[in-house]
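S.K.: Let me give you the structure first, and then I'll get to my questions.
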Amino acid sequence: MTENVVVLGSGYAGAGAVKSIEKQLGDRVDLTWVSDVDHHLVLHEAHRCIRNPRVKEKVAIPVDDIKSP
């Protein structure tokens, strides 16, 4: 029987947990990722957006780029 795992949030802990679970457990679990946003914000780089709004794409990483399909 496959275990169900739910990860809440797309912050550093949530994104890191998803990557770790996928790497260590792979297809042995059904992974559900729940977040109120569709991206991970690299918070320590957010100040760069004030100087240059074009870097937004570099500090907001879509969750589809983090998790496996």
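Please note that chains go A, B, ... in the order of the structure tokens, that every chain numbers its residues from 1, and that ligands are numbered from 1 in the order shown.
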Please identify all polymer residues within 12 Å of Gly26 in chain A, counting only C-alpha atoms, omitting same-chain residues fewer than 2 positions from it, and present them as an MDAnalysis selection string.

M.R.: chainID A and resid 2:3 5 18:24 28:31 67:69

S.K.: I want to know what sits within 10 Å of Ala17 in chain A, based on only C-alpha atoms, with residues of the same chain fewer than 5 positions away left out; could you give that as an NGL selection string?

M.R.: :A and (6-12 or 22-23 or 33)

S.K.: Would you work out the distance separating CA of Thr32 in chain A from CA of Val55 in chain A, expressed in Å to one decimal?

M.R.: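 CA of Thr32 in chain A sits 29.4 Å away from CA of Val55 in chain A.
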
S.K.: For the structure I just gave you, how does DSSP split chain A - specifically, which residues are strand (DSSP E or B)? Reply as a list in words.

M.R.: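 Those residues are Glu3, Asn4, Val5, Val6, Val7, Leu8, Val29, Asp30, Leu31, Thr32, Trp33, Val34, His39, His40, Leu41, Ala60, Ile61 and Pro62 of chain A.
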
S.K.: How would you write, as an mmCIF file with N, CA and C atoms, in the first residue's frame, the set of residues in chain A that DSSP gives as helix (DSSP H, G or I)?

M.R.:
data_model
loop_
_atom_site.group_PDB
_atom_site.id
_atom_site.type_symbol
_atom_site.label_atom_id
_atom_site.label_comp_id
_atom_site.auth_asym_id
_atom_site.auth_seq_id
_atom_site.Cartn_x
_atom_site.Cartn_y
_atom_site.Cartn_z
ATOM 1 N N TYR A 12 10.688 27.849 2.050
ATOM 2 C CA TYR A 12 11.927 27.057 2.072
ATOM 3 C C TYR A 12 11.680 25.648 2.607
ATOM 4 N N ALA A 13 10.894 25.527 3.665
ATOM 5 C CA ALA A 13 10.643 24.202 4.253
ATOM 6 C C ALA A 13 9.810 23.345 3.310
ATOM 7 N N GLY A 14 8.744 23.896 2.752
ATOM 8 C CA GLY A 14 7.885 23.125 1.859
ATOM 9 C C GLY A 14 8.594 22.693 0.594
ATOM 10 N N ALA A 15 9.288 23.630 -0.058
ATOM 11 C CA ALA A 15 10.008 23.286 -1.290
ATOM 12 C C ALA A 15 11.115 22.280 -1.012
ATOM 13 N N GLY A 16 11.820 22.469 0.083
ATOM 14 C CA GLY A 16 12.881 21.532 0.451
ATOM 15 C C GLY A 16 12.339 20.152 0.785
ATOM 16 N N ALA A 17 11.184 20.117 1.455
ATOM 17 C CA ALA A 17 10.573 18.829 1.797
ATOM 18 C C ALA A 17 10.156 18.075 0.548
ATOM 19 N N VAL A 18 9.569 18.770 -0.398
ATOM 20 C CA VAL A 18 9.142 18.118 -1.643
ATOM 21 C C VAL A 18 10.347 17.531 -2.376
ATOM 22 N N LYS A 19 11.404 18.312 -2.510
ATOM 23 C CA LYS A 19 12.603 17.812 -3.193
ATOM 24 C C LYS A 19 13.180 16.601 -2.463
ATOM 25 N N SER A 20 13.245 16.663 -1.148
ATOM 26 C CA SER A 20 13.808 15.574 -0.355
ATOM 27 C C SER A 20 12.947 14.312 -0.434
ATOM 28 N N ILE A 21 11.645 14.479 -0.322
ATOM 29 C CA ILE A 21 10.737 13.335 -0.392
ATOM 30 C C ILE A 21 10.818 12.673 -1.757
ATOM 31 N N GLU A 22 10.816 13.475 -2.814
ATOM 32 C CA GLU A 22 10.917 12.910 -4.159
ATOM 33 C C GLU A 22 12.235 12.157 -4.352
ATOM 34 N N LYS A 23 13.297 12.720 -3.838
ATOM 35 C CA LYS A 23 14.612 12.094 -4.000
ATOM 36 C C LYS A 23 14.716 10.794 -3.196
ATOM 37 N N GLN A 24 14.250 10.819 -1.965
ATOM 38 C CA GLN A 24 14.435 9.669 -1.080
ATOM 39 C C GLN A 24 13.361 8.598 -1.241
ATOM 40 N N LEU A 25 12.118 8.997 -1.514
ATOM 41 C CA LEU A 25 11.023 8.031 -1.533
ATOM 42 C C LEU A 25 10.438 7.786 -2.918
ATOM 43 N N GLY A 26 10.648 8.722 -3.826
ATOM 44 C CA GLY A 26 10.203 8.541 -5.204
ATOM 45 C C GLY A 26 8.763 8.099 -5.330
ATOM 46 N N ASP A 27 8.561 6.993 -6.043
ATOM 47 C CA ASP A 27 7.216 6.491 -6.328
ATOM 48 C C ASP A 27 6.615 5.683 -5.177
ATOM 49 N N ARG A 28 7.329 5.577 -4.080
ATOM 50 C CA ARG A 28 6.802 4.801 -2.946
ATOM 51 C C ARG A 28 5.758 5.554 -2.145
ATOM 52 N N LEU A 43 13.347 34.510 -0.725
ATOM 53 C CA LEU A 43 13.136 35.704 0.087
ATOM 54 C C LEU A 43 14.387 36.554 0.257
ATOM 55 N N HIS A 44 15.542 35.929 0.424
ATOM 56 C CA HIS A 44 16.751 36.717 0.650
ATOM 57 C C HIS A 44 17.202 37.461 -0.614
ATOM 58 N N GLU A 45 16.539 37.222 -1.746
ATOM 59 C CA GLU A 45 16.839 37.944 -2.980
ATOM 60 C C GLU A 45 15.736 38.940 -3.363
ATOM 61 N N ARG A 48 16.148 42.685 -4.432
ATOM 62 C CA ARG A 48 16.637 43.029 -5.767
ATOM 63 C C ARG A 48 15.520 43.559 -6.654
ATOM 64 N N CYS A 49 14.281 43.158 -6.378
ATOM 65 C CA CYS A 49 13.139 43.608 -7.179
ATOM 66 C C CYS A 49 12.878 45.098 -7.010
ATOM 67 N N ILE A 50 13.279 45.663 -5.903
ATOM 68 C CA ILE A 50 13.096 47.094 -5.680
ATOM 69 C C ILE A 50 13.977 47.884 -6.643
ATOM 70 N N ARG A 51 15.221 47.444 -6.782
ATOM 71 C CA ARG A 51 16.148 48.121 -7.696
ATOM 72 C C ARG A 51 15.845 47.819 -9.150
ATOM 73 N N PRO A 53 12.859 45.662 -11.176
ATOM 74 C CA PRO A 53 11.670 44.794 -11.198
ATOM 75 C C PRO A 53 11.770 43.632 -12.193
ATOM 76 N N ARG A 54 12.662 43.707 -13.162
ATOM 77 C CA ARG A 54 12.788 42.625 -14.153
ATOM 78 C C ARG A 54 13.368 41.340 -13.568
ATOM 79 N N VAL A 55 13.944 41.396 -12.385
ATOM 80 C CA VAL A 55 14.520 40.179 -11.797
ATOM 81 C C VAL A 55 13.470 39.333 -11.075
ATOM 82 N N LYS A 56 12.210 39.770 -11.126
ATOM 83 C CA LYS A 56 11.135 39.021 -10.451
ATOM 84 C C LYS A 56 11.145 37.546 -10.859
ATOM 85 N N GLU A 57 11.379 37.264 -12.133
ATOM 86 C CA GLU A 57 11.390 35.881 -12.610
ATOM 87 C C GLU A 57 12.526 35.075 -11.995
ATOM 88 N N LYS A 58 13.542 35.742 -11.506
ATOM 89 C CA LYS A 58 14.685 35.045 -10.914
ATOM 90 C C LYS A 58 14.510 34.787 -9.424
ATOM 91 N N VAL A 59 13.601 35.517 -8.773
ATOM 92 C CA VAL A 59 13.406 35.333 -7.333
ATOM 93 C C VAL A 59 12.097 34.632 -7.002
ATOM 94 N N VAL A 63 6.426 26.507 -8.890
ATOM 95 C CA VAL A 63 6.499 25.194 -8.234
ATOM 96 C C VAL A 63 6.672 24.075 -9.258
ATOM 97 N N ASP A 64 6.193 24.284 -10.482
ATOM 98 C CA ASP A 64 6.379 23.257 -11.521
ATOM 99 C C ASP A 64 7.835 23.051 -11.875
ATOM 100 N N ASP A 65 8.694 24.047 -11.597
ATOM 101 C CA ASP A 65 10.127 23.903 -11.820
ATOM 102 C C ASP A 65 10.815 23.191 -10.658
ATOM 103 N N ILE A 66 10.127 23.071 -9.538
ATOM 104 C CA ILE A 66 10.707 22.453 -8.337
ATOM 105 C C ILE A 66 10.339 20.972 -8.243
#
